[in-house]
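Visitor: File follows, work-v2.json with JSON, C-alpha atoms (C1' of nucleotides):
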[["chain", "number", "residue", "atom", "x", "y", "z"],
["Q", 1, "MET", "CA", 59.20, -48.09, 54.11],
["Q", 2, "ASN", "CA", 61.84, -49.53, 51.78],
["Q", 3, "GLN", "CA", 61.71, -49.76, 48.01],
["Q", 4, "LYS", "CA", 60.54, -53.36, 47.89],
["Q", 5, "THR", "CA", 57.69, -52.73, 50.28],
["Q", 6, "ARG", "CA", 56.78, -49.59, 48.41],
["Q", 7, "SER", "CA", 56.55, -51.34, 45.06],
["Q", 8, "ARG", "CA", 54.43, -54.11, 46.53],
["Q", 9, "TYR", "CA", 51.90, -51.56, 47.75],
["Q", 10, "GLU", "CA", 52.17, -49.84, 44.41],
["Q", 11, "ALA", "CA", 51.21, -53.03, 42.61],
["Q", 12, "ARG", "CA", 48.27, -53.60, 44.92],
["Q", 13, "ALA", "CA", 47.08, -50.04, 44.52],
["Q", 14, "GLN", "CA", 47.19, -50.47, 40.77],
["Q", 15, "ILE", "CA", 44.63, -53.24, 41.00],
["Q", 16, "MET", "CA", 42.44, -51.30, 43.40],
["Q", 17, "LYS", "CA", 42.59, -48.32, 41.06],
["Q", 18, "ALA", "CA", 41.34, -50.43, 38.20],
["Q", 19, "LEU", "CA", 38.20, -51.09, 40.22],
["Q", 20, "ALA", "CA", 37.84, -47.61, 41.62],
["Q", 21, "HIS", "CA", 35.45, -46.34, 38.98],
["Q", 22, "PRO", "CA", 31.65, -46.63, 38.86],
["Q", 23, "THR", "CA", 31.55, -47.82, 35.26],
["Q", 24, "ARG", "CA", 34.19, -50.45, 35.85],
["Q", 25, "LEU", "CA", 32.41, -51.71, 38.97],
["Q", 26, "PHE", "CA", 29.27, -51.99, 36.89],
["Q", 27, "ILE", "CA", 31.13, -53.92, 34.22],
["Q", 28, "VAL", "CA", 32.52, -56.35, 36.80],
["Q", 29, "ASP", "CA", 29.01, -56.87, 38.12],
["Q", 30, "GLN", "CA", 27.75, -57.67, 34.65],
["Q", 31, "LEU", "CA", 30.60, -60.04, 33.90],
["Q", 32, "ALA", "CA", 29.87, -61.84, 37.14],
["Q", 33, "GLN", "CA", 26.71, -63.03, 35.43],
["Q", 34, "GLY", "CA", 28.58, -64.26, 32.38],
["Q", 35, "GLU", "CA", 30.69, -63.04, 29.51],
["Q", 36, "ARG", "CA", 29.60, -59.98, 27.55],
["Q", 37, "CYS", "CA", 30.78, -58.39, 24.35],
["Q", 38, "VAL", "CA", 31.73, -54.72, 24.17],
["Q", 39, "CYS", "CA", 28.57, -53.90, 22.25],
["Q", 40, "GLU", "CA", 26.33, -55.39, 24.93],
["Q", 41, "LEU", "CA", 28.09, -53.47, 27.69],
["Q", 42, "THR", "CA", 27.98, -50.29, 25.66],
["Q", 43, "LYS", "CA", 24.21, -50.59, 25.32],
["Q", 44, "MET", "CA", 23.85, -50.86, 29.11],
["Q", 45, "ILE", "CA", 26.24, -48.02, 29.88],
["Q", 46, "ASP", "CA", 25.37, -44.62, 28.50],
["Q", 47, "ALA", "CA", 28.76, -43.72, 27.07],
["Q", 48, "ASP", "CA", 30.72, -43.86, 23.86],
["Q", 49, "VAL", "CA", 31.96, -47.29, 22.70],
["Q", 50, "SER", "CA", 35.49, -45.97, 22.86],
["Q", 51, "THR", "CA", 35.01, -45.07, 26.50],
["Q", 52, "VAL", "CA", 33.71, -48.52, 27.36],
["Q", 53, "SER", "CA", 36.55, -50.10, 25.44],
["Q", 54, "ARG", "CA", 39.04, -48.03, 27.41],
["Q", 55, "HIS", "CA", 37.49, -49.10, 30.71],
["Q", 56, "LEU", "CA", 37.72, -52.71, 29.63],
["Q", 57, "SER", "CA", 41.36, -52.31, 28.72],
["Q", 58, "VAL", "CA", 42.06, -50.92, 32.19],
["Q", 59, "LEU", "CA", 40.44, -53.96, 33.77],
["Q", 60, "LYS", "CA", 42.34, -56.23, 31.42],
["Q", 61, "ALA", "CA", 45.68, -54.57, 32.14],
["Q", 62, "ALA", "CA", 45.02, -55.11, 35.85],
["Q", 63, "GLY", "CA", 44.40, -58.80, 35.22],
["Q", 64, "ILE", "CA", 40.80, -58.66, 36.34],
["Q", 65, "VAL", "CA", 39.13, -59.60, 33.09],
["Q", 66, "ALA", "CA", 40.06, -61.61, 30.02],
["Q", 67, "ASP", "CA", 39.08, -60.93, 26.43],
["Q", 68, "GLU", "CA", 38.44, -63.34, 23.61],
["Q", 69, "LYS", "CA", 37.76, -62.36, 20.07],
["Q", 70, "ARG", "CA", 35.00, -64.33, 18.41],
["Q", 71, "GLY", "CA", 34.33, -63.20, 14.89],
["Q", 72, "VAL", "CA", 33.87, -59.51, 14.85],
["Q", 73, "GLN", "CA", 33.04, -59.28, 18.52],
["Q", 74, "VAL", "CA", 35.23, -59.32, 21.60],
["Q", 75, "TYR", "CA", 33.85, -61.09, 24.64],
["Q", 76, "TYR", "CA", 35.07, -60.14, 28.08],
["Q", 77, "SER", "CA", 34.85, -62.39, 31.11],
["Q", 78, "LEU", "CA", 35.64, -62.07, 34.79],
["Q", 79, "LEU", "CA", 38.99, -63.63, 35.60],
["Q", 80, "VAL", "CA", 38.92, -63.06, 39.35],
["Q", 81, "PRO", "CA", 35.49, -63.61, 40.88],
["Q", 82, "CYS", "CA", 36.83, -62.98, 44.37],
["Q", 83, "VAL", "CA", 36.48, -59.25, 43.79],
["Q", 84, "LEU", "CA", 32.75, -59.79, 44.17],
["Q", 85, "ASN", "CA", 33.30, -60.58, 47.83],
["Q", 86, "TRP", "CA", 34.34, -56.97, 48.35],
["Q", 87, "TYR", "CA", 30.88, -55.70, 47.69],
["Q", 88, "SER", "CA", 29.44, -56.76, 51.02],
["Q", 89, "CYS", "CA", 32.29, -54.98, 52.77],
["Q", 90, "VAL", "CA", 31.79, -51.84, 50.70],
["Q", 91, "GLU", "CA", 28.09, -51.92, 51.46],
["Q", 92, "GLY", "CA", 28.95, -52.25, 55.12],
["Q", 93, "VAL", "CA", 31.10, -49.13, 54.95],
["Q", 94, "LEU", "CA", 28.32, -47.24, 53.21],
["Q", 95, "LYS", "CA", 25.70, -48.31, 55.76],
["Q", 96, "ALA", "CA", 27.95, -47.40, 58.66],
["Q", 97, "SER", "CA", 28.63, -44.00, 57.12],
["Q", 98, "ALA", "CA", 24.94, -43.38, 56.58],
["Q", 99, "LYS", "CA", 24.23, -44.25, 60.18],
["Q", 100, "ARG", "CA", 26.98, -41.95, 61.36],
["Q", 101, "HIS", "CA", 25.64, -39.06, 59.31],
["Q", 102, "VAL", "CA", 22.20, -39.51, 60.77],
["Q", 103, "ALA", "CA", 23.71, -39.57, 64.24],
["Q", 104, "ILE", "CA", 25.57, -36.33, 63.57],
["Q", 105, "ALA", "CA", 22.45, -34.69, 62.17],
["Q", 106, "HIS", "CA", 20.54, -35.30, 65.43],
["W", 1, "MET", "CA", 21.80, -47.69, 33.70],
["W", 2, "ASN", "CA", 19.44, -45.34, 35.52],
["W", 3, "GLN", "CA", 20.34, -42.54, 37.89],
["W", 4, "LYS", "CA", 19.78, -44.55, 41.05],
["W", 5, "THR", "CA", 21.96, -47.40, 39.88],
["W", 6, "ARG", "CA", 24.60, -44.97, 38.74],
["W", 7, "SER", "CA", 24.81, -43.20, 42.08],
["W", 8, "ARG", "CA", 25.07, -46.51, 43.91],
["W", 9, "TYR", "CA", 28.09, -47.47, 41.83],
["W", 10, "GLU", "CA", 29.40, -43.96, 42.33],
["W", 11, "ALA", "CA", 29.26, -44.39, 46.11],
["W", 12, "ARG", "CA", 30.99, -47.75, 45.94],
["W", 13, "ALA", "CA", 33.70, -46.39, 43.67],
["W", 14, "GLN", "CA", 34.30, -43.59, 46.14],
["W", 15, "ILE", "CA", 35.23, -46.13, 48.79],
["W", 16, "MET", "CA", 37.41, -48.12, 46.42],
["W", 17, "LYS", "CA", 39.16, -44.91, 45.39],
["W", 18, "ALA", "CA", 40.00, -44.16, 49.00],
["W", 19, "LEU", "CA", 41.93, -47.42, 49.11],
["W", 20, "ALA", "CA", 43.46, -47.14, 45.65],
["W", 21, "HIS", "CA", 46.71, -45.58, 46.74],
["W", 22, "PRO", "CA", 49.88, -47.30, 47.95],
["W", 23, "THR", "CA", 50.33, -45.06, 50.98],
["W", 24, "ARG", "CA", 46.75, -45.52, 52.07],
["W", 25, "LEU", "CA", 46.97, -49.28, 51.67],
["W", 26, "PHE", "CA", 50.06, -49.18, 53.85],
["W", 27, "ILE", "CA", 48.24, -47.12, 56.46],
["W", 28, "VAL", "CA", 45.35, -49.58, 56.54],
["W", 29, "ASP", "CA", 47.83, -52.40, 57.03],
["W", 30, "GLN", "CA", 49.40, -50.58, 59.94],
["W", 31, "LEU", "CA", 46.07, -49.77, 61.55],
["W", 32, "ALA", "CA", 45.12, -53.42, 61.27],
["W", 33, "GLN", "CA", 47.74, -53.99, 63.95],
["W", 34, "GLY", "CA", 46.32, -51.33, 66.21],
["W", 35, "GLU", "CA", 45.74, -47.62, 66.38],
["W", 36, "ARG", "CA", 48.51, -45.25, 65.38],
["W", 37, "CYS", "CA", 48.97, -41.51, 65.70],
["W", 38, "VAL", "CA", 49.82, -39.34, 62.72],
["W", 39, "CYS", "CA", 53.38, -38.89, 63.92],
["W", 40, "GLU", "CA", 53.99, -42.64, 64.08],
["W", 41, "LEU", "CA", 52.65, -43.17, 60.58],
["W", 42, "THR", "CA", 54.64, -40.23, 59.28],
["W", 43, "LYS", "CA", 57.82, -41.77, 60.61],
["W", 44, "MET", "CA", 57.11, -45.01, 58.74],
["W", 45, "ILE", "CA", 56.11, -43.31, 55.50],
["W", 46, "ASP", "CA", 58.73, -41.14, 53.88],
["W", 47, "ALA", "CA", 56.54, -38.11, 53.17],
["W", 48, "ASP", "CA", 55.57, -34.77, 54.64],
["W", 49, "VAL", "CA", 53.26, -34.83, 57.68],
["W", 50, "SER", "CA", 50.76, -32.82, 55.72],
["W", 51, "THR", "CA", 50.69, -35.48, 53.03],
["W", 52, "VAL", "CA", 50.09, -38.25, 55.56],
["W", 53, "SER", "CA", 47.40, -36.18, 57.21],
["W", 54, "ARG", "CA", 45.67, -35.71, 53.87],
["W", 55, "HIS", "CA", 45.74, -39.45, 53.18],
["W", 56, "LEU", "CA", 44.21, -40.07, 56.57],
["W", 57, "SER", "CA", 41.46, -37.56, 55.90],
["W", 58, "VAL", "CA", 40.64, -39.35, 52.66],
["W", 59, "LEU", "CA", 40.30, -42.64, 54.53],
["W", 60, "LYS", "CA", 38.23, -40.95, 57.20],
["W", 61, "ALA", "CA", 35.91, -39.31, 54.68],
["W", 62, "ALA", "CA", 35.32, -42.73, 53.14],
["W", 63, "GLY", "CA", 34.38, -44.11, 56.53],
["W", 64, "ILE", "CA", 37.29, -46.54, 56.63],
["W", 65, "VAL", "CA", 39.12, -45.15, 59.65],
["W", 66, "ALA", "CA", 38.17, -43.20, 62.74],
["W", 67, "ASP", "CA", 40.18, -40.55, 64.52],
["W", 68, "GLU", "CA", 40.38, -39.69, 68.16],
["W", 69, "LYS", "CA", 42.26, -36.80, 69.60],
["W", 70, "ARG", "CA", 44.17, -37.58, 72.76],
["W", 71, "GLY", "CA", 46.09, -34.65, 74.06],
["W", 72, "VAL", "CA", 48.17, -33.19, 71.32],
["W", 73, "GLN", "CA", 48.07, -36.34, 69.23],
["W", 74, "VAL", "CA", 45.42, -37.78, 66.96],
["W", 75, "TYR", "CA", 45.05, -41.54, 66.91],
["W", 76, "TYR", "CA", 43.60, -43.27, 63.90],
["W", 77, "SER", "CA", 42.04, -46.71, 63.99],
["W", 78, "LEU", "CA", 40.62, -49.12, 61.43],
["W", 79, "LEU", "CA", 36.84, -48.93, 61.40],
["W", 80, "VAL", "CA", 36.23, -51.64, 58.81],
["W", 81, "PRO", "CA", 38.59, -54.60, 59.20],
["W", 82, "CYS", "CA", 36.87, -56.46, 56.36],
["W", 83, "VAL", "CA", 38.95, -54.51, 53.86],
["W", 84, "LEU", "CA", 41.85, -56.71, 54.95],
["W", 85, "ASN", "CA", 40.13, -59.67, 53.31],
["W", 86, "TRP", "CA", 40.70, -58.00, 49.95],
["W", 87, "TYR", "CA", 44.41, -58.44, 50.19],
["W", 88, "SER", "CA", 44.40, -62.15, 49.47],
["W", 89, "CYS", "CA", 42.30, -61.51, 46.40],
["W", 90, "VAL", "CA", 44.61, -58.75, 45.23],
["W", 91, "GLU", "CA", 47.59, -61.03, 45.76],
["W", 92, "GLY", "CA", 45.82, -63.65, 43.70],
["W", 93, "VAL", "CA", 45.39, -61.21, 40.84],
["W", 94, "LEU", "CA", 49.06, -60.25, 41.04],
["W", 95, "LYS", "CA", 50.23, -63.87, 41.06],
["W", 96, "ALA", "CA", 48.00, -64.77, 38.12],
["W", 97, "SER", "CA", 49.30, -61.77, 36.19],
["W", 98, "ALA", "CA", 52.89, -62.70, 36.92],
["W", 99, "LYS", "CA", 52.26, -66.22, 35.70],
["W", 100, "ARG", "CA", 50.62, -64.92, 32.54],
["W", 101, "HIS", "CA", 53.55, -62.64, 31.80],
["W", 102, "VAL", "CA", 55.99, -65.50, 32.16],
["W", 103, "ALA", "CA", 53.84, -67.58, 29.83],
["W", 104, "ILE", "CA", 53.83, -64.80, 27.24],
["W", 105, "ALA", "CA", 57.57, -64.34, 27.51],
["W", 106, "HIS", "CA", 58.21, -67.99, 26.55],
["T", 1, "DT", "C1'", 36.86, -56.59, -3.68],
["T", 2, "DG", "C1'", 33.89, -53.38, -1.19],
["T", 3, "DG", "C1'", 30.95, -52.21, 2.32],
["T", 4, "DC", "C1'", 29.31, -53.05, 6.94],
["T", 5, "DT", "C1'", 29.78, -53.78, 11.87],
["T", 6, "DA", "C1'", 32.66, -54.26, 16.08],
["T", 7, "DT", "C1'", 36.42, -52.72, 18.44],
["T", 8, "DT", "C1'", 40.71, -50.25, 19.48],
["T", 9, "DT", "C1'", 43.75, -46.35, 19.51],
["T", 10, "DG", "C1'", 45.51, -41.36, 18.85],
["T", 11, "DG", "C1'", 44.77, -36.93, 20.22],
["T", 12, "DC", "C1'", 42.66, -33.49, 22.59],
["T", 13, "DT", "C1'", 40.45, -30.97, 26.60],
["T", 14, "DA", "C1'", 38.49, -31.01, 31.14],
["T", 15, "DT", "C1'", 38.81, -32.52, 35.61],
["T", 16, "DA", "C1'", 40.77, -34.94, 39.67],
["T", 17, "DT", "C1'", 44.57, -36.38, 42.46],
["T", 18, "DT", "C1'", 48.93, -35.88, 44.66],
["T", 19, "DG", "C1'", 52.54, -33.77, 47.22],
["T", 20, "DC", "C1'", 54.88, -30.06, 48.97],
["T", 21, "DC", "C1'", 55.39, -25.62, 51.51],
["T", 22, "DA", "C1'", 53.56, -22.28, 54.37],
["T", 23, "DA", "C1'", 50.29, -20.79, 57.51],
["T", 24, "DG", "C1'", 46.78, -21.77, 60.90],
["T", 25, "DT", "C1'", 44.82, -24.26, 65.08],
["T", 26, "DA", "C1'", 45.13, -26.83, 69.36],
["T", 27, "DT", "C1'", 47.16, -28.80, 73.50],
["T", 28, "DC", "C1'", 50.56, -29.11, 76.89],
["T", 29, "DG", "C1'", 54.09, -27.62, 80.09],
["T", 30, "DA", "C1'", 57.44, -24.28, 81.71],
["M", 1, "DT", "C1'", 51.68, -16.19, 78.78],
["M", 2, "DC", "C1'", 55.13, -18.18, 75.79],
["M", 3, "DG", "C1'", 57.14, -21.83, 73.30],
["M", 4, "DA", "C1'", 57.18, -26.33, 71.61],
["M", 5, "DT", "C1'", 54.94, -30.17, 69.50],
["M", 6, "DA", "C1'", 51.16, -32.42, 66.77],
["M", 7, "DC", "C1'", 48.13, -31.91, 63.38],
["M", 8, "DT", "C1'", 45.18, -29.73, 59.68],
["M", 9, "DT", "C1'", 44.22, -26.78, 55.86],
["M", 10, "DG", "C1'", 44.97, -23.29, 51.91],
["M", 11, "DG", "C1'", 47.22, -22.83, 47.84],
["M", 12, "DC", "C1'", 49.96, -24.08, 44.15],
["M", 13, "DA", "C1'", 52.30, -26.94, 40.40],
["M", 14, "DA", "C1'", 52.86, -31.49, 38.45],
["M", 15, "DT", "C1'", 50.79, -35.47, 37.02],
["M", 16, "DA", "C1'", 47.06, -38.82, 36.12],
["M", 17, "DT", "C1'", 42.46, -39.94, 34.68],
["M", 18, "DA", "C1'", 38.21, -39.58, 31.96],
["M", 19, "DG", "C1'", 35.50, -38.85, 28.05],
["M", 20, "DC", "C1'", 34.71, -37.64, 23.47],
["M", 21, "DC", "C1'", 35.58, -37.50, 18.40],
["M", 22, "DA", "C1'", 37.98, -39.12, 14.55],
["M", 23, "DA", "C1'", 40.72, -42.40, 12.40],
["M", 24, "DA", "C1'", 42.63, -47.01, 12.08],
["M", 25, "DT", "C1'", 42.13, -52.07, 12.28],
["M", 26, "DA", "C1'", 39.79, -56.52, 11.76],
["M", 27, "DG", "C1'", 36.37, -59.92, 10.45],
["M", 28, "DC", "C1'", 32.25, -61.04, 7.75],
["M", 29, "DC", "C1'", 29.38, -61.42, 3.84],
["M", 30, "DA", "C1'", 27.46, -60.04, -0.61]]
Take the structure in the file and write it out as structure tokens.

Guide:
Amino acid sequence: MNQKTRSRYEARAQIMKALAHPTRLFIVDQLAQGERCVCELTKMIDADVSTVSRHLSVLKAAGIVADEKRGVQVYYSLLVPCVLNWYSCVEGVLKASAKRHVAIAH
Amino acid sequence: MNQKTRSRYEARAQIMKALAHPTRLFIVDQLAQGERCVCELTKMIDADVSTVSRHLSVLKAAGIVADEKRGVQVYYSLLVPCVLNWYSCVEGVLKASAKRHVAIAH
DNA sequence: TGGCTATTTGGCTATATTGCCAAGTATCGA
DNA sequence: TCGATACTTGGCAATATAGCCAAATAGCCA
């Protein structure tokens, strides 16, 4: 694997990493329903505002969400709705794993 | 967010995490073209066999690949081809980011 | 201006991930 | 049985990630 190939996979992994966290997956789900300000998301997630803000900045750095300041609040919105298509695949993996575990148990 | 919801997102994130690594993304790409043994993958990836083996075990634990021992070799295959659909979305994110960076630069 | 709310960032600790080496296990063939 | 090859696992050090608190920044309104 040469350097160019390696850095392409690196870039892809960076985006996957941004989504590889329960809180950030939750945030993406919420933003799929429309824009939300940090305070709204913080209310839903049981964590410090600073933690939520950090998660949002990770998603923003990855290019997955956009932010827009309106007055004193910052509204985040989903920039790439196609990530939502992944969910059905992830669910498929989970179901298959569950089935396999049952099979092993018996 | 209640406990049940939290653990569902936790499970999803676990799967995303398994893919959030350049080497593992490369492996998935290779397996998309057919099964490969550890030695073949190790040759392609410039890393210790033990490292490649560990990456494969992460993918296996997530339910993304399956392994089958044949003689002295272990062949891995892609169990969930739908993860390949994510690539176009990831590329889209990368392209959009690149465009944005250019726009900021000017 | 001063105080209030919303958000971000610095700094810290705790935890998780990664990669290597070395050692262990398994299969095959001489 | 012995040796060689393929692979996995234990253990360690380096690095990355996560979460919290405290402090800084920014906009709004009295």

Visitor: Can you write out as JSON lines which residues of chain W fall within 9 Å of chain M, alongside each residue's closest atom pair and its distance in Å to one decimal, counting only C-alpha atoms (C1' of nucleotides) and ordering rows by chain and ascending residue number?

Guide:
{"residue": "W:Val38", "atom": "CA", "partner": "M:DC7", "partner_atom": "C1'", "distance": 7.6}
{"residue": "W:Cys39", "atom": "CA", "partner": "M:DA6", "partner_atom": "C1'", "distance": 7.4}
{"residue": "W:Val49", "atom": "CA", "partner": "M:DC7", "partner_atom": "C1'", "distance": 8.2}
{"residue": "W:Ser50", "atom": "CA", "partner": "M:DT8", "partner_atom": "C1'", "distance": 7.5}
{"residue": "W:Ser53", "atom": "CA", "partner": "M:DT8", "partner_atom": "C1'", "distance": 7.3}
{"residue": "W:Arg54", "atom": "CA", "partner": "M:DT8", "partner_atom": "C1'", "distance": 8.4}
{"residue": "W:Val72", "atom": "CA", "partner": "M:DA6", "partner_atom": "C1'", "distance": 5.5}
{"residue": "W:Gln73", "atom": "CA", "partner": "M:DA6", "partner_atom": "C1'", "distance": 5.6}
{"residue": "W:Val74", "atom": "CA", "partner": "M:DC7", "partner_atom": "C1'", "distance": 7.4}

Visitor: Report, as AutoDock Vina command-line options, the centre and edge lengths in Å (one decimal) of the axis-aligned box enclosing every listed atom of range 2-16 of chain M, padded by 8 Å on each side.

Guide:
--center_x 50.7 --center_y -28.5 --center_z 56.0 --size_x 29.0 --size_y 36.6 --size_z 55.7

Visitor: Please write out chain W, superposed on chain Q by least squares over all C-alpha atoms matched in order, as a short mmCIF file (atom, residue, chain, number, x, y, z; two decimals) with C-alpha atoms, in the coordinates of the input.

Guide:
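Resulting contents of out.cif:
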data_model
loop_
_atom_site.label_atom_id
_atom_site.label_comp_id
_atom_site.auth_asym_id
_atom_site.auth_seq_id
_atom_site.Cartn_x
_atom_site.Cartn_y
_atom_site.Cartn_z
CA MET W 1 59.20 -48.09 54.14
CA ASN W 2 61.84 -49.53 51.82
CA GLN W 3 61.73 -49.76 48.05
CA LYS W 4 60.56 -53.36 47.94
CA THR W 5 57.70 -52.72 50.32
CA ARG W 6 56.77 -49.60 48.44
CA SER W 7 56.57 -51.34 45.08
CA ARG W 8 54.44 -54.11 46.56
CA TYR W 9 51.91 -51.56 47.78
CA GLU W 10 52.21 -49.84 44.43
CA ALA W 11 51.23 -53.05 42.63
CA ARG W 12 48.29 -53.62 44.94
CA ALA W 13 47.10 -50.04 44.52
CA GLN W 14 47.22 -50.49 40.77
CA ILE W 15 44.66 -53.26 41.01
CA MET W 16 42.46 -51.31 43.40
CA LYS W 17 42.62 -48.32 41.06
CA ALA W 18 41.36 -50.45 38.20
CA LEU W 19 38.22 -51.11 40.22
CA ALA W 20 37.86 -47.60 41.62
CA HIS W 21 35.48 -46.33 38.99
CA PRO W 22 31.69 -46.62 38.88
CA THR W 23 31.56 -47.82 35.28
CA ARG W 24 34.19 -50.46 35.87
CA LEU W 25 32.43 -51.69 38.99
CA PHE W 26 29.28 -51.98 36.92
CA ILE W 27 31.14 -53.93 34.25
CA VAL W 28 32.52 -56.35 36.82
CA ASP W 29 29.01 -56.87 38.15
CA GLN W 30 27.76 -57.65 34.67
CA LEU W 31 30.61 -60.03 33.92
CA ALA W 32 29.88 -61.83 37.16
CA GLN W 33 26.72 -63.02 35.44
CA GLY W 34 28.58 -64.25 32.40
CA GLU W 35 30.68 -63.02 29.54
CA ARG W 36 29.58 -59.97 27.60
CA CYS W 37 30.76 -58.38 24.37
CA VAL W 38 31.71 -54.72 24.18
CA CYS W 39 28.54 -53.89 22.28
CA GLU W 40 26.32 -55.38 24.98
CA LEU W 41 28.08 -53.47 27.73
CA THR W 42 27.98 -50.29 25.69
CA LYS W 43 24.23 -50.59 25.37
CA MET W 44 23.86 -50.86 29.15
CA ILE W 45 26.26 -48.02 29.92
CA ASP W 46 25.35 -44.65 28.52
CA ALA W 47 28.75 -43.74 27.09
CA ASP W 48 30.72 -43.85 23.86
CA VAL W 49 31.95 -47.28 22.72
CA SER W 50 35.47 -45.97 22.88
CA THR W 51 35.00 -45.07 26.52
CA VAL W 52 33.68 -48.52 27.38
CA SER W 53 36.53 -50.10 25.46
CA ARG W 54 39.03 -48.05 27.43
CA HIS W 55 37.48 -49.11 30.73
CA LEU W 56 37.71 -52.72 29.64
CA SER W 57 41.36 -52.31 28.72
CA VAL W 58 42.06 -50.92 32.18
CA LEU W 59 40.44 -53.98 33.76
CA LYS W 60 42.33 -56.24 31.41
CA ALA W 61 45.67 -54.58 32.13
CA ALA W 62 45.04 -55.13 35.83
CA GLY W 63 44.42 -58.81 35.19
CA ILE W 64 40.81 -58.66 36.33
CA VAL W 65 39.11 -59.60 33.07
CA ALA W 66 40.05 -61.59 30.00
CA ASP W 67 39.06 -60.93 26.42
CA GLU W 68 38.39 -63.31 23.61
CA LYS W 69 37.70 -62.34 20.07
CA ARG W 70 34.95 -64.31 18.40
CA GLY W 71 34.27 -63.19 14.90
CA VAL W 72 33.78 -59.49 14.83
CA GLN W 73 32.98 -59.28 18.52
CA VAL W 74 35.18 -59.31 21.59
CA TYR W 75 33.84 -61.08 24.65
CA TYR W 76 35.05 -60.12 28.08
CA SER W 77 34.86 -62.39 31.10
CA LEU W 78 35.63 -62.07 34.79
CA LEU W 79 38.99 -63.64 35.57
CA VAL W 80 38.94 -63.07 39.33
CA PRO W 81 35.49 -63.62 40.85
CA CYS W 82 36.84 -62.98 44.35
CA VAL W 83 36.51 -59.25 43.76
CA LEU W 84 32.77 -59.78 44.16
CA ASN W 85 33.34 -60.55 47.83
CA TRP W 86 34.40 -56.94 48.31
CA TYR W 87 30.94 -55.68 47.63
CA SER W 88 29.48 -56.74 50.94
CA CYS W 89 32.32 -54.99 52.71
CA VAL W 90 31.83 -51.84 50.67
CA GLU W 91 28.11 -51.94 51.43
CA GLY W 92 28.98 -52.26 55.09
CA VAL W 93 31.12 -49.14 54.93
CA LEU W 94 28.33 -47.25 53.18
CA LYS W 95 25.71 -48.33 55.71
CA ALA W 96 27.95 -47.42 58.64
CA SER W 97 28.62 -44.02 57.09
CA ALA W 98 24.93 -43.40 56.54
CA LYS W 99 24.21 -44.27 60.14
CA ARG W 100 26.96 -41.95 61.34
CA HIS W 101 25.62 -39.08 59.27
CA VAL W 102 22.16 -39.53 60.71
CA ALA W 103 23.66 -39.57 64.20
CA ILE W 104 25.52 -36.33 63.51
CA ALA W 105 22.43 -34.69 62.09
CA HIS W 106 20.49 -35.25 65.35
#

Visitor: With distances taken over only C-alpha atoms (C1' of nucleotides), which residue among Q:Lys43, Q:Arg12, Q:Lys4, Q:Lys69 lies nearest chain T?

Guide: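 That would be Q:Lys69, the residue with the smallest distance to chain T.
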
Visitor: Per residue of chain Q within 10 Å of chain W, note the shortest atom pair and the distance in Å to one decimal, counting only C-alpha atoms, and order the rows by chain and increasing residue number, as a tab-separated table.

Guide:
residue	atom	partner	partner_atom	distance
Q:Met1	CA	W:Ile45	CA	5.9
Q:Asn2	CA	W:Asp46	CA	9.2
Q:Thr5	CA	W:Phe26	CA	9.1
Q:Arg6	CA	W:Pro22	CA	7.3
Q:Ser7	CA	W:Pro22	CA	8.3
Q:Arg8	CA	W:Pro22	CA	8.3
Q:Tyr9	CA	W:Pro22	CA	4.7
Q:Glu10	CA	W:Pro22	CA	4.9
Q:Ala11	CA	W:Leu94	CA	7.7
Q:Arg12	CA	W:Val90	CA	6.3
Q:Ala13	CA	W:Ala20	CA	4.8
Q:Gln14	CA	W:Ala20	CA	7.0
Q:Ile15	CA	W:Val90	CA	6.9
Q:Met16	CA	W:Ala20	CA	4.8
Q:Lys17	CA	W:Ala20	CA	4.8
Q:Ala18	CA	W:Ala20	CA	8.4
Q:Leu19	CA	W:Met16	CA	6.9
Q:Ala20	CA	W:Ala13	CA	4.8
Q:His21	CA	W:Ala13	CA	5.0
Q:Pro22	CA	W:Tyr9	CA	4.7
Q:Thr23	CA	W:Tyr9	CA	7.4
Q:Arg24	CA	W:Ala13	CA	8.8
Q:Leu25	CA	W:Tyr9	CA	6.7
Q:Phe26	CA	W:Tyr9	CA	6.8
Q:Lys43	CA	W:Met1	CA	9.2
Q:Met44	CA	W:Met1	CA	5.9
Q:Ile45	CA	W:Met1	CA	5.9
Q:Asp46	CA	W:Met1	CA	7.0
Q:Ala61	CA	W:Ser97	CA	9.0
Q:Ala62	CA	W:Val93	CA	7.9
Q:Gly63	CA	W:Ser97	CA	5.8
Q:Ile64	CA	W:Val93	CA	6.9
Q:Leu79	CA	W:Val93	CA	8.6
Q:Val80	CA	W:Val93	CA	6.9
Q:Pro81	CA	W:Cys89	CA	9.0
Q:Cys82	CA	W:Cys89	CA	6.0
Q:Val83	CA	W:Cys89	CA	6.8
Q:Leu84	CA	W:Cys89	CA	10.0
Q:Asn85	CA	W:Trp86	CA	8.1
Q:Trp86	CA	W:Trp86	CA	6.6
Q:Tyr87	CA	W:Arg12	CA	8.1
Q:Ser88	CA	W:Cys82	CA	9.2
Q:Cys89	CA	W:Cys82	CA	6.0
Q:Val90	CA	W:Arg12	CA	6.3
Q:Glu91	CA	W:Arg12	CA	7.5
Q:Gly92	CA	W:Val80	CA	8.2
Q:Val93	CA	W:Gly63	CA	6.2
Q:Leu94	CA	W:Gly63	CA	7.6
Q:Lys95	CA	W:Gly63	CA	9.7
Q:Ala96	CA	W:Gly63	CA	7.5
Q:Ser97	CA	W:Gly63	CA	5.8
Q:Ala98	CA	W:Gly63	CA	9.5
Q:Arg100	CA	W:Gly63	CA	9.1

Visitor: Chain T residues within 9 Å of chain W, counting only C-alpha atoms (C1' of nucleotides): which ones, as a short mmCIF file (atom, residue, chain, number, x, y, z; two decimals) with C-alpha atoms (C1' of nucleotides), in the frame of the given file?

Guide:
data_model
loop_
_atom_site.label_atom_id
_atom_site.label_comp_id
_atom_site.auth_asym_id
_atom_site.auth_seq_id
_atom_site.Cartn_x
_atom_site.Cartn_y
_atom_site.Cartn_z
"C1'" DT T 18 48.93 -35.88 44.66
"C1'" DG T 19 52.54 -33.77 47.22
"C1'" DC T 20 54.88 -30.06 48.97
"C1'" DA T 26 45.13 -26.83 69.36
"C1'" DT T 27 47.16 -28.80 73.50
"C1'" DC T 28 50.56 -29.11 76.89
#
